[in-house]
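Enquirer: For reference, the file entry.cif (mmCIF, C-alpha atoms) is included below:
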```
data_target
#
loop_
_atom_site.label_atom_id
_atom_site.label_comp_id
_atom_site.auth_asym_id
_atom_site.auth_seq_id
_atom_site.Cartn_x
_atom_site.Cartn_y
_atom_site.Cartn_z
CA MET A 1 0.00 0.00 0.00
CA ILE A 2 1.22 3.46 -0.81
CA TRP A 3 -0.08 5.11 2.35
CA GLU A 4 2.03 2.83 4.53
CA GLU A 5 5.16 4.06 2.82
CA LEU A 6 4.35 7.74 2.83
CA ASN A 7 6.83 9.77 4.81
CA GLU A 8 5.57 12.95 6.47
CA SER A 9 8.76 14.75 5.58
CA LEU A 10 7.90 14.26 1.89
CA ILE A 11 4.43 15.80 2.15
CA MET A 12 4.01 19.52 1.68
CA ASN A 13 0.77 21.37 2.33
CA HIS A 14 -0.08 24.60 0.53
CA LEU A 15 3.36 24.79 -1.03
CA ASP A 16 4.14 28.24 -2.38
CA ALA A 17 5.78 27.80 -5.79
CA LYS A 18 5.89 30.35 -8.58
CA ASP A 19 6.35 28.04 -11.57
CA SER A 20 7.10 24.44 -12.49
CA SER A 21 10.87 24.87 -12.03
CA ASP A 22 10.20 26.17 -8.54
CA VAL A 23 8.04 23.09 -7.89
CA PHE A 24 10.89 20.83 -9.04
CA GLU A 25 13.40 22.66 -6.86
CA LYS A 26 11.24 22.66 -3.75
CA ILE A 27 9.86 19.13 -3.88
CA GLY A 28 12.85 17.58 -5.68
CA GLY A 29 15.17 19.40 -3.26
CA THR A 30 13.32 17.76 -0.38
CA LEU A 31 13.77 14.31 -1.96
CA ILE A 32 17.51 15.02 -2.27
CA ARG A 33 17.80 16.28 1.33
CA GLU A 34 15.91 13.28 2.67
CA GLY A 35 18.23 10.87 0.88
CA TYR A 36 15.85 9.65 -1.84
CA ALA A 37 17.56 11.22 -4.84
CA LYS A 38 20.96 12.25 -6.12
CA ASP A 39 22.13 15.84 -6.40
CA ASP A 40 21.37 15.96 -10.11
CA TYR A 41 17.73 14.91 -9.58
CA VAL A 42 16.20 18.38 -9.94
CA ASP A 43 18.07 19.12 -13.19
CA ALA A 44 17.07 15.70 -14.50
CA LEU A 45 13.40 16.38 -13.63
CA ILE A 46 13.47 19.69 -15.47
CA GLU A 47 15.08 18.13 -18.55
CA ARG A 48 12.71 15.18 -18.64
CA GLU A 49 9.66 17.36 -18.19
CA LYS A 50 10.65 19.30 -21.34
CA ASP A 51 10.69 16.08 -23.40
CA PHE A 52 7.89 14.23 -21.64
CA PRO A 53 5.53 16.56 -19.80
CA THR A 54 3.63 15.06 -16.86
CA GLY A 55 0.63 17.33 -16.36
CA LEU A 56 -2.82 15.71 -16.32
CA ASP A 57 -6.32 17.16 -16.26
CA ILE A 58 -8.54 14.94 -14.17
CA GLY A 59 -12.08 16.23 -14.55
CA GLY A 60 -10.97 19.83 -14.24
CA ILE A 61 -8.40 19.30 -11.49
CA GLY A 62 -4.85 19.81 -12.70
CA ILE A 63 -2.13 17.57 -11.38
CA ALA A 64 1.46 16.75 -12.28
CA ILE A 65 3.38 13.52 -11.74
CA PRO A 66 7.02 14.45 -12.42
CA HIS A 67 9.65 11.71 -12.36
CA THR A 68 13.01 10.83 -13.87
CA SER A 69 14.93 7.81 -14.98
CA VAL A 70 16.23 5.55 -12.19
CA ASP A 71 19.79 6.86 -12.66
CA HIS A 72 19.04 9.88 -10.49
CA VAL A 73 17.27 8.05 -7.69
CA LEU A 74 18.67 6.44 -4.54
CA LYS A 75 15.58 5.13 -2.79
CA HIS A 76 11.94 4.55 -3.75
CA GLY A 77 9.57 7.22 -2.47
CA ILE A 78 6.68 9.48 -3.33
CA ALA A 79 6.49 13.15 -2.43
CA ILE A 80 3.09 14.83 -2.44
CA ALA A 81 2.26 18.53 -2.39
CA ASN A 82 -0.87 20.57 -2.71
CA LEU A 83 -0.02 23.98 -4.08
CA LYS A 84 -0.98 27.36 -2.69
CA HIS A 85 -1.37 28.73 -6.23
CA PRO A 86 -1.85 26.64 -9.38
CA VAL A 87 1.29 26.27 -11.47
CA GLN A 88 1.31 25.72 -15.22
CA PHE A 89 2.47 22.36 -16.56
CA ILE A 90 2.14 20.90 -20.03
CA GLN A 91 -0.24 17.95 -20.36
CA MET A 92 1.22 14.50 -20.78
CA GLY A 93 1.39 13.45 -24.39
CA MET A 94 0.56 16.92 -25.73
CA ASP A 95 2.93 19.32 -27.42
CA ASP A 96 1.93 22.44 -25.63
CA GLU A 97 -1.48 22.04 -24.06
CA PRO A 98 -1.17 23.65 -20.62
CA VAL A 99 -2.85 22.60 -17.40
CA ASP A 100 -2.85 24.48 -14.10
CA ALA A 101 -1.56 21.96 -11.61
CA GLN A 102 -2.79 22.19 -8.05
CA LEU A 103 -1.45 18.86 -6.84
CA VAL A 104 1.95 17.32 -7.45
CA PHE A 105 2.91 13.68 -6.96
CA MET A 106 6.65 13.46 -7.44
CA MET A 107 8.07 10.00 -7.71
CA ALA A 108 11.48 8.65 -6.97
CA VAL A 109 11.38 5.28 -8.69
CA THR A 110 14.31 2.87 -8.41
CA ASP A 111 12.89 -0.10 -10.29
CA PRO A 112 9.72 0.44 -12.32
CA GLY A 113 9.28 -3.32 -12.79
CA LYS A 114 9.34 -3.93 -9.08
CA HIS A 115 7.09 -1.00 -8.22
CA VAL A 116 4.59 -1.51 -10.99
CA ASP A 117 1.72 -2.48 -8.68
CA GLN A 118 2.34 0.56 -6.54
CA LEU A 119 2.54 2.82 -9.58
CA GLN A 120 -0.72 1.34 -10.84
CA ARG A 121 -2.30 2.02 -7.47
CA LEU A 122 -1.05 5.60 -7.60
CA VAL A 123 -2.65 5.97 -11.04
CA ASP A 124 -5.90 4.55 -9.63
CA ILE A 125 -5.75 7.10 -6.81
CA ILE A 126 -5.04 10.09 -9.01
CA GLN A 127 -7.81 9.17 -11.44
CA ASP A 128 -10.40 9.63 -8.70
CA ARG A 129 -11.55 13.22 -8.85
CA ASP A 130 -13.16 13.13 -5.40
CA VAL A 131 -9.91 12.00 -3.83
CA LEU A 132 -8.08 14.81 -5.61
CA SER A 133 -10.52 17.44 -4.43
CA ARG A 134 -10.07 16.25 -0.83
CA LEU A 135 -6.29 16.25 -1.21
CA LEU A 136 -6.47 19.84 -2.47
CA GLU A 137 -8.07 20.93 0.79
CA ALA A 138 -5.83 18.94 3.11
CA ASP A 139 -4.09 21.16 5.65
CA ASN A 140 -1.56 18.75 7.07
CA GLN A 141 0.46 15.64 6.32
CA ASN A 142 -1.73 13.25 8.29
CA GLU A 143 -4.80 14.34 6.43
CA ILE A 144 -3.13 13.55 3.11
CA ILE A 145 -2.02 10.13 4.34
CA SER A 146 -5.49 9.25 5.63
CA ILE A 147 -7.23 10.33 2.42
CA ILE A 148 -4.91 8.02 0.46
CA LYS A 149 -5.35 5.25 2.99
CA ASP A 150 -9.15 5.49 2.74
CA LYS A 151 -8.96 5.32 -1.04
CA GLU A 152 -6.56 2.39 -1.07
CA GLU A 153 -8.85 0.41 1.18
CA THR A 154 -11.51 0.61 -1.54
CA LEU A 155 -9.19 -0.61 -4.32
CA MET B 1 19.25 15.34 -43.23
CA SER B 2 18.04 12.49 -41.11
CA THR B 3 17.40 9.19 -42.85
CA SER B 4 15.74 7.85 -39.75
CA GLU B 5 13.24 5.04 -40.26
CA LYS B 6 9.59 5.58 -39.34
CA ALA B 7 6.87 3.04 -38.78
CA SER B 8 3.40 2.92 -37.30
CA ARG B 9 0.47 0.56 -36.98
CA GLU B 10 -2.95 0.58 -35.37
CA VAL B 11 -3.89 -2.20 -33.00
CA THR B 12 -6.83 -2.99 -30.74
CA VAL B 13 -6.04 -4.02 -27.19
CA THR B 14 -7.68 -7.36 -26.51
CA ASN B 15 -6.39 -8.60 -23.18
CA GLU B 16 -8.80 -8.28 -20.32
CA THR B 17 -7.02 -5.74 -18.16
CA GLY B 18 -5.73 -3.50 -20.98
CA LEU B 19 -2.33 -1.99 -20.36
CA HIS B 20 -2.65 -2.27 -16.60
CA ALA B 21 0.18 -3.08 -14.17
CA ARG B 22 1.97 -6.21 -15.43
CA PRO B 23 1.11 -6.00 -19.12
CA ALA B 24 2.13 -2.33 -19.02
CA SER B 25 5.40 -3.30 -17.42
CA GLN B 26 6.10 -5.94 -20.10
CA PHE B 27 5.18 -3.49 -22.83
CA VAL B 28 7.48 -0.77 -21.47
CA GLN B 29 10.36 -3.23 -21.03
CA LYS B 30 10.03 -4.39 -24.64
CA ALA B 31 9.84 -0.81 -25.86
CA ALA B 32 12.91 0.12 -23.85
CA HIS B 33 15.00 -2.49 -25.69
CA HIS B 34 14.72 -0.51 -28.90
CA LYS B 35 16.75 2.49 -29.92
CA ALA B 36 13.83 4.13 -31.72
CA ASP B 37 11.64 6.74 -30.09
CA ILE B 38 8.33 4.98 -29.61
CA HIS B 39 4.96 6.50 -28.89
CA VAL B 40 1.56 5.08 -28.20
CA ILE B 41 -1.11 7.31 -29.65
CA LYS B 42 -4.51 7.18 -28.05
CA ASP B 43 -7.18 9.85 -28.61
CA ASN B 44 -4.56 12.21 -30.10
CA ARG B 45 -2.37 11.86 -27.03
CA HIS B 46 1.22 10.82 -27.71
CA ILE B 47 2.42 8.72 -24.82
CA ASN B 48 6.08 7.79 -24.43
CA ALA B 49 6.08 3.99 -24.81
CA LYS B 50 9.16 3.72 -22.58
CA SER B 51 7.51 5.41 -19.60
CA ILE B 52 5.64 3.14 -17.21
CA MET B 53 3.82 6.13 -15.71
CA GLY B 54 2.84 7.38 -19.15
CA ILE B 55 1.43 4.01 -20.15
CA LEU B 56 -0.35 3.42 -16.83
CA SER B 57 -1.89 6.89 -16.98
CA GLY B 58 -2.98 6.42 -20.58
CA GLY B 59 -6.19 4.63 -19.64
CA ILE B 60 -5.61 1.92 -22.25
CA ALA B 61 -8.33 -0.64 -21.60
CA GLN B 62 -9.63 -3.73 -23.35
CA GLY B 63 -11.08 -2.60 -26.67
CA SER B 64 -8.96 0.56 -26.88
CA LYS B 65 -7.68 1.32 -30.36
CA ILE B 66 -4.15 2.60 -30.20
CA THR B 67 -1.47 3.41 -32.73
CA ILE B 68 2.12 2.48 -32.08
CA GLU B 69 4.50 4.82 -33.81
CA ALA B 70 8.27 4.62 -33.86
CA GLU B 71 11.09 6.66 -35.30
CA GLY B 72 14.71 5.57 -35.30
CA PRO B 73 17.04 2.86 -36.60
CA ASP B 74 14.90 -0.11 -35.49
CA ALA B 75 11.50 1.54 -35.85
CA GLN B 76 9.83 -1.18 -37.94
CA GLU B 77 11.10 -3.97 -35.71
CA ALA B 78 9.90 -2.10 -32.61
CA VAL B 79 6.40 -1.58 -34.00
CA ASP B 80 6.13 -5.22 -35.14
CA GLU B 81 7.27 -6.54 -31.80
CA LEU B 82 4.95 -4.35 -29.72
CA VAL B 83 1.95 -4.99 -31.95
CA ASP B 84 2.69 -8.71 -31.67
CA LEU B 85 2.82 -8.45 -27.89
CA ILE B 86 -0.58 -6.75 -27.81
CA GLU B 87 -2.21 -9.03 -30.40
CA ASN B 88 -0.93 -12.27 -28.95
CA GLY B 89 -1.56 -11.42 -25.37
CA PHE B 90 0.84 -11.12 -22.53
CA ASP B 91 2.90 -13.89 -20.98
CA ASP B 92 1.19 -14.00 -17.63
CA GLU B 93 -2.39 -14.00 -18.82
#
```
Can you give me the file's structure in the form of structure tokens?

Expert:
Amino acid sequence: MIWEELNESLIMNHLDAKDSSDVFEKIGGTLIREGYAKDDYVDALIEREKDFPTGLDIGGIGIAIPHTSVDHVLKHGIAIANLKHPVQFIQMGMDDEPVDAQLVFMMAVTDPGKHVDQLQRLVDIIQDRDVLSRLLEADNQNEIISIIKDKEETL
Amino acid sequence: MSTSEKASREVTVTNETGLHARPASQFVQKAAHHKADIHVIKDNRHINAKSIMGILSGGIAQGSKITIEAEGPDAQEAVDELVDLIENGFDDE
């Protein structure tokens, strides 16, 4: 289960970020500081996002799921932030269709094959608009963890 | 001037779970073995075939019509192999 592995130090409520690079620096920087990613992780995120954008529009709620290749990752983890102000991302699979992201799920993935069930579960969670709207309102780390726990128990 | 090879083919996903978890993982691993840039096109969305998150988020279910498109030295081989994987089902099903 994802919720069991969530680490409070990787959850940020009402994060104040001015643009997507700022999001990468703040959340990615936390993953580096907490020992989940290598020093070049943030640069790698920014580069990858240019080639393969990760914004998604889920029934009108904008989210982003930035990630990199395993080369920049030390330990498997997921950082979650709800943003104080929406930040523009480009939608996954589109050339330049923007989406205002309000939630960010940043993944440090060490072995996609091994974590595939967990990644699938994350996709199931983020495709539920009601869960997203509750996550948007969450004011602290525990609230985010319990919303995800509740959802996972229904999967 | 690039003389890079291009290939594409449409295929309908027939396995019961679509490109969910394990099939998605097998698909991405096969795609990753090729040098070509490979995309899965579904509803005008170009998904990177080498990204597990891209494929999982693509909502590719049983009955979905997708196009596999590749560009690079082994483009044709990549398209043939991935179409074959989808048409002939996945190992663990």

Enquirer: Per residue of region 38-143 of chain A within 8 Å of region 55-74 of chain B, record the nearest atom pair and its distance in Å to one decimal, counting only C-alpha atoms, with rows in chain order and ascending residue number, as a tab-separated table.

Expert:
```
residue	atom	partner	partner_atom	distance
A:Leu119	CA	B:Leu56	CA	7.8
A:Gln120	CA	B:Leu56	CA	6.4
A:Val123	CA	B:Ser57	CA	6.1
```

Enquirer: What are the nearest atom pairs, with distances in Å to one decimal, for all residues of chain B that come at most 12 Å from chain A, using all atoms listed in the file, set out by chain and rising residue number as JSON lines?

Expert:
```
{"residue": "B:Thr17", "atom": "CA", "partner": "A:Gln120", "partner_atom": "CA", "distance": 12.0}
{"residue": "B:Leu19", "atom": "CA", "partner": "A:Gln120", "partner_atom": "CA", "distance": 10.2}
{"residue": "B:His20", "atom": "CA", "partner": "A:Gln120", "partner_atom": "CA", "distance": 7.1}
{"residue": "B:Ala21", "atom": "CA", "partner": "A:Gln120", "partner_atom": "CA", "distance": 5.6}
{"residue": "B:Arg22", "atom": "CA", "partner": "A:Val116", "partner_atom": "CA", "distance": 7.0}
{"residue": "B:Pro23", "atom": "CA", "partner": "A:Val116", "partner_atom": "CA", "distance": 9.9}
{"residue": "B:Ala24", "atom": "CA", "partner": "A:Val116", "partner_atom": "CA", "distance": 8.4}
{"residue": "B:Ser25", "atom": "CA", "partner": "A:Gly113", "partner_atom": "CA", "distance": 6.0}
{"residue": "B:Gln26", "atom": "CA", "partner": "A:Gly113", "partner_atom": "CA", "distance": 8.4}
{"residue": "B:Phe27", "atom": "CA", "partner": "A:Gly113", "partner_atom": "CA", "distance": 10.8}
{"residue": "B:Val28", "atom": "CA", "partner": "A:Gly113", "partner_atom": "CA", "distance": 9.2}
{"residue": "B:Gln29", "atom": "CA", "partner": "A:Gly113", "partner_atom": "CA", "distance": 8.3}
{"residue": "B:Lys30", "atom": "CA", "partner": "A:Gly113", "partner_atom": "CA", "distance": 11.9}
{"residue": "B:Ala32", "atom": "CA", "partner": "A:Ser69", "partner_atom": "CA", "distance": 11.9}
{"residue": "B:Asp37", "atom": "CA", "partner": "A:Asp51", "partner_atom": "CA", "distance": 11.5}
{"residue": "B:His39", "atom": "CA", "partner": "A:Gly93", "partner_atom": "CA", "distance": 9.0}
{"residue": "B:Val40", "atom": "CA", "partner": "A:Gly93", "partner_atom": "CA", "distance": 9.2}
{"residue": "B:Ile41", "atom": "CA", "partner": "A:Gly93", "partner_atom": "CA", "distance": 8.5}
{"residue": "B:Lys42", "atom": "CA", "partner": "A:Gly93", "partner_atom": "CA", "distance": 9.4}
{"residue": "B:Asp43", "atom": "CA", "partner": "A:Gly93", "partner_atom": "CA", "distance": 10.2}
{"residue": "B:Asn44", "atom": "CA", "partner": "A:Met94", "partner_atom": "CA", "distance": 8.2}
{"residue": "B:Arg45", "atom": "CA", "partner": "A:Gly93", "partner_atom": "CA", "distance": 4.9}
{"residue": "B:His46", "atom": "CA", "partner": "A:Gly93", "partner_atom": "CA", "distance": 4.2}
{"residue": "B:Ile47", "atom": "CA", "partner": "A:Gly93", "partner_atom": "CA", "distance": 4.9}
{"residue": "B:Asn48", "atom": "CA", "partner": "A:Phe52", "partner_atom": "CA", "distance": 7.2}
{"residue": "B:Ala49", "atom": "CA", "partner": "A:Gly93", "partner_atom": "CA", "distance": 10.6}
{"residue": "B:Lys50", "atom": "CA", "partner": "A:Ser69", "partner_atom": "CA", "distance": 10.4}
{"residue": "B:Ser51", "atom": "CA", "partner": "A:Phe52", "partner_atom": "CA", "distance": 9.1}
{"residue": "B:Ile52", "atom": "CA", "partner": "A:Pro112", "partner_atom": "CA", "distance": 6.9}
{"residue": "B:Met53", "atom": "CA", "partner": "A:Leu119", "partner_atom": "CA", "distance": 7.1}
{"residue": "B:Gly54", "atom": "CA", "partner": "A:Met92", "partner_atom": "CA", "distance": 7.5}
{"residue": "B:Ile55", "atom": "CA", "partner": "A:Gln120", "partner_atom": "CA", "distance": 9.9}
{"residue": "B:Leu56", "atom": "CA", "partner": "A:Gln120", "partner_atom": "CA", "distance": 6.4}
{"residue": "B:Ser57", "atom": "CA", "partner": "A:Val123", "partner_atom": "CA", "distance": 6.1}
{"residue": "B:Gly58", "atom": "CA", "partner": "A:Met92", "partner_atom": "CA", "distance": 9.1}
{"residue": "B:Gly59", "atom": "CA", "partner": "A:Val123", "partner_atom": "CA", "distance": 9.4}
```

Enquirer: Quick check, in Å to one decimal: how far apart do CA of Lys149 (chain A) and CA of Met1 (chain A) lie?

Expert: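 Rounded to one decimal, the two atoms are 8.1 Å apart.
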
Enquirer: Determine the nearest neighbour of Met106 (chain A) from the options A:Glu25, A:Asp40, A:Asp16, A:Glu47, counting only C-alpha atoms.

Expert: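 Of all the options, A:Glu25 lies closest to Met106 (chain A).
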
Enquirer: Could you please determine the separation between CA of Ala64 (chain A) and CA of Val42 (chain A) in Å, to one decimal place?

Expert: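 Distance reported for this atom pair: 15.0 Å.
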
Enquirer: Within 8 Å of region 33-38 of chain A, counting only C-alpha atoms, which residues qualify if same-chain residues fewer than 3 places away don't, as a list in words?

Expert: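 These residues fall inside the cut-off: Ser9, Gly28, Gly29, Thr30, Tyr41, His72, Val73, Leu74, Lys75, His76, Gly77 and Ala108 of chain A.
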
Enquirer: Using Å and a single decimal, report how far CA of Val104 (chain A) sits from CA of Ile63 (chain A).

Expert: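 Separation of CA of Ile63 (chain A) and CA of Val104 (chain A): 5.7 Å.
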
Enquirer: Using all atoms listed in the file, which residue out of A:Asp39, A:Glu152, A:Glu4, A:Asp57 lies closest to Ile90 (chain A)?

Expert: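 Among A:Asp39, A:Glu152, A:Glu4, A:Asp57, it is A:Asp57 that comes nearest to Ile90 (chain A).
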
Enquirer: Would you please work out which residue, of A:Asp19, A:Glu8, A:Asp111, A:Asp128, is nearest to Pro86 (chain A) when using all atoms listed in the file?

Expert: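 Nearest candidate to Pro86 (chain A) out of A:Asp19, A:Glu8, A:Asp111, A:Asp128: A:Asp19.
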
Enquirer: Within 8 Å of Asp139 (chain A), counting all atoms listed in the file, which residues qualify if same-chain residues fewer than 3 places away don't, as a ChimeraX atom specification?

Expert: /A:13-14,143

Enquirer: Quick one: of A:Ala81, A:Ile61, A:Ile144, A:Ile32, who's nearest to Met12 (chain A), counting only C-alpha atoms?

Expert: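 Checking each candidate against Met12 (chain A), we get A:Ala81 as the closest.
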
Enquirer: Here is a test: counting all atoms listed in the file, which residue of A:Val23, A:Ile58, A:Ala79, A:Ala101 is nearest to Val131 (chain A)?

Expert: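 Looking at the shortest contact to Val131 (chain A), the residue is A:Ile58.
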
Enquirer: With 8 Å of padding per side, what axis-aligned box (centre and edge lengths, Å, one decimal) covers all the listed atoms of region 120-129 of chain A? Give it as lines of an AutoDock Vina configuration file.

Expert:
```
center_x = -6.1
center_y = 7.3
center_z = -9.1
size_x = 26.8
size_y = 27.9
size_z = 20.6
```

Enquirer: Which one is closest to Ala78 (chain B): B:Thr14, B:Ala36, B:Arg9, B:Ser4? Count only C-alpha atoms.

Expert: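 Distance minimum relative to Ala78 (chain B) lands on B:Ala36.
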
Enquirer: Where atoms are absent from region 20-30 of chain B, fill them in so it carries all heavy atoms, then output it as a PDB file, keeping the file's coordinate frame.

Expert:
```
ATOM      1  N   HIS B  20      -2.651  -2.470 -18.051  1.00  0.00           N
ATOM      2  CA  HIS B  20      -2.650  -2.270 -16.600  1.00  0.00           C
ATOM      3  C   HIS B  20      -1.400  -2.932 -16.055  1.00  0.00           C
ATOM      4  O   HIS B  20      -0.851  -3.831 -16.679  1.00  0.00           O
ATOM      5  CB  HIS B  20      -3.897  -2.971 -16.047  1.00  0.00           C
ATOM      6  CG  HIS B  20      -4.609  -2.189 -15.008  1.00  0.00           C
ATOM      7  ND1 HIS B  20      -4.730  -2.614 -13.721  1.00  0.00           N
ATOM      8  CD2 HIS B  20      -5.233  -0.991 -15.063  1.00  0.00           C
ATOM      9  CE1 HIS B  20      -5.419  -1.726 -13.020  1.00  0.00           C
ATOM     10  NE2 HIS B  20      -5.728  -0.721 -13.823  1.00  0.00           N
ATOM     11  N   ALA B  21      -0.958  -2.520 -14.905  1.00  0.00           N
ATOM     12  CA  ALA B  21       0.180  -3.080 -14.170  1.00  0.00           C
ATOM     13  C   ALA B  21       1.122  -3.990 -14.955  1.00  0.00           C
ATOM     14  O   ALA B  21       1.992  -3.506 -15.651  1.00  0.00           O
ATOM     15  CB  ALA B  21      -0.310  -3.760 -12.901  1.00  0.00           C
ATOM     16  N   ARG B  22       0.950  -5.320 -14.852  1.00  0.00           N
ATOM     17  CA  ARG B  22       1.970  -6.210 -15.430  1.00  0.00           C
ATOM     18  C   ARG B  22       2.084  -6.135 -16.951  1.00  0.00           C
ATOM     19  O   ARG B  22       3.198  -6.047 -17.469  1.00  0.00           O
ATOM     20  CB  ARG B  22       1.768  -7.651 -14.974  1.00  0.00           C
ATOM     21  CG  ARG B  22       1.733  -7.769 -13.503  1.00  0.00           C
ATOM     22  CD  ARG B  22       2.755  -8.726 -12.909  1.00  0.00           C
ATOM     23  NE  ARG B  22       2.861  -8.392 -11.507  1.00  0.00           N
ATOM     24  CZ  ARG B  22       3.865  -7.710 -10.976  1.00  0.00           C
ATOM     25  NH1 ARG B  22       4.899  -7.352 -11.699  1.00  0.00           N
ATOM     26  NH2 ARG B  22       3.851  -7.378  -9.712  1.00  0.00           N
ATOM     27  N   PRO B  23       0.969  -6.163 -17.673  1.00  0.00           N
ATOM     28  CA  PRO B  23       1.110  -6.000 -19.120  1.00  0.00           C
ATOM     29  C   PRO B  23       1.812  -4.677 -19.479  1.00  0.00           C
ATOM     30  O   PRO B  23       2.642  -4.646 -20.385  1.00  0.00           O
ATOM     31  CB  PRO B  23      -0.341  -5.990 -19.619  1.00  0.00           C
ATOM     32  CG  PRO B  23      -1.108  -6.702 -18.570  1.00  0.00           C
ATOM     33  CD  PRO B  23      -0.420  -6.440 -17.274  1.00  0.00           C
ATOM     34  N   ALA B  24       1.496  -3.625 -18.751  1.00  0.00           N
ATOM     35  CA  ALA B  24       2.130  -2.330 -19.020  1.00  0.00           C
ATOM     36  C   ALA B  24       3.625  -2.431 -18.800  1.00  0.00           C
ATOM     37  O   ALA B  24       4.431  -1.914 -19.570  1.00  0.00           O
ATOM     38  CB  ALA B  24       1.532  -1.251 -18.118  1.00  0.00           C
ATOM     39  N   SER B  25       3.990  -3.136 -17.750  1.00  0.00           N
ATOM     40  CA  SER B  25       5.400  -3.300 -17.420  1.00  0.00           C
ATOM     41  C   SER B  25       6.128  -4.072 -18.531  1.00  0.00           C
ATOM     42  O   SER B  25       7.216  -3.688 -18.974  1.00  0.00           O
ATOM     43  CB  SER B  25       5.495  -4.014 -16.080  1.00  0.00           C
ATOM     44  OG  SER B  25       6.803  -4.378 -15.816  1.00  0.00           O
ATOM     45  N   GLN B  26       5.495  -5.160 -19.008  1.00  0.00           N
ATOM     46  CA  GLN B  26       6.100  -5.940 -20.100  1.00  0.00           C
ATOM     47  C   GLN B  26       6.223  -5.098 -21.369  1.00  0.00           C
ATOM     48  O   GLN B  26       7.230  -5.154 -22.073  1.00  0.00           O
ATOM     49  CB  GLN B  26       5.217  -7.156 -20.432  1.00  0.00           C
ATOM     50  CG  GLN B  26       5.354  -8.296 -19.454  1.00  0.00           C
ATOM     51  CD  GLN B  26       4.402  -9.436 -19.822  1.00  0.00           C
ATOM     52  OE1 GLN B  26       4.113  -9.669 -20.995  1.00  0.00           O
ATOM     53  NE2 GLN B  26       3.898 -10.124 -18.823  1.00  0.00           N
ATOM     54  N   PHE B  27       5.199  -4.325 -21.629  1.00  0.00           N
ATOM     55  CA  PHE B  27       5.180  -3.490 -22.830  1.00  0.00           C
ATOM     56  C   PHE B  27       6.329  -2.459 -22.774  1.00  0.00           C
ATOM     57  O   PHE B  27       7.079  -2.294 -23.738  1.00  0.00           O
ATOM     58  CB  PHE B  27       3.825  -2.781 -22.912  1.00  0.00           C
ATOM     59  CG  PHE B  27       3.644  -1.933 -24.134  1.00  0.00           C
ATOM     60  CD1 PHE B  27       3.175  -2.480 -25.316  1.00  0.00           C
ATOM     61  CD2 PHE B  27       3.942  -0.577 -24.093  1.00  0.00           C
ATOM     62  CE1 PHE B  27       3.005  -1.699 -26.450  1.00  0.00           C
ATOM     63  CE2 PHE B  27       3.787   0.216 -25.229  1.00  0.00           C
ATOM     64  CZ  PHE B  27       3.319  -0.341 -26.401  1.00  0.00           C
ATOM     65  N   VAL B  28       6.445  -1.798 -21.625  1.00  0.00           N
ATOM     66  CA  VAL B  28       7.480  -0.770 -21.470  1.00  0.00           C
ATOM     67  C   VAL B  28       8.878  -1.385 -21.568  1.00  0.00           C
ATOM     68  O   VAL B  28       9.781  -0.830 -22.195  1.00  0.00           O
ATOM     69  CB  VAL B  28       7.291  -0.007 -20.137  1.00  0.00           C
ATOM     70  CG1 VAL B  28       8.498   0.869 -19.814  1.00  0.00           C
ATOM     71  CG2 VAL B  28       6.024   0.829 -20.195  1.00  0.00           C
ATOM     72  N   GLN B  29       9.047  -2.570 -20.964  1.00  0.00           N
ATOM     73  CA  GLN B  29      10.360  -3.230 -21.030  1.00  0.00           C
ATOM     74  C   GLN B  29      10.733  -3.572 -22.468  1.00  0.00           C
ATOM     75  O   GLN B  29      11.859  -3.375 -22.884  1.00  0.00           O
ATOM     76  CB  GLN B  29      10.369  -4.481 -20.164  1.00  0.00           C
ATOM     77  CG  GLN B  29      10.631  -4.153 -18.692  1.00  0.00           C
ATOM     78  CD  GLN B  29      10.300  -5.311 -17.779  1.00  0.00           C
ATOM     79  OE1 GLN B  29      10.191  -6.446 -18.224  1.00  0.00           O
ATOM     80  NE2 GLN B  29      10.136  -5.007 -16.504  1.00  0.00           N
ATOM     81  N   LYS B  30       9.764  -4.079 -23.231  1.00  0.00           N
ATOM     82  CA  LYS B  30      10.030  -4.390 -24.640  1.00  0.00           C
ATOM     83  C   LYS B  30      10.361  -3.132 -25.424  1.00  0.00           C
ATOM     84  O   LYS B  30      11.282  -3.114 -26.236  1.00  0.00           O
ATOM     85  CB  LYS B  30       8.790  -5.070 -25.274  1.00  0.00           C
ATOM     86  CG  LYS B  30       8.827  -6.572 -25.208  1.00  0.00           C
ATOM     87  CD  LYS B  30       8.244  -7.188 -26.494  1.00  0.00           C
ATOM     88  CE  LYS B  30       8.761  -8.588 -26.724  1.00  0.00           C
ATOM     89  NZ  LYS B  30       8.469  -9.546 -25.683  1.00  0.00           N
TER      90      LYS B  30
END
```
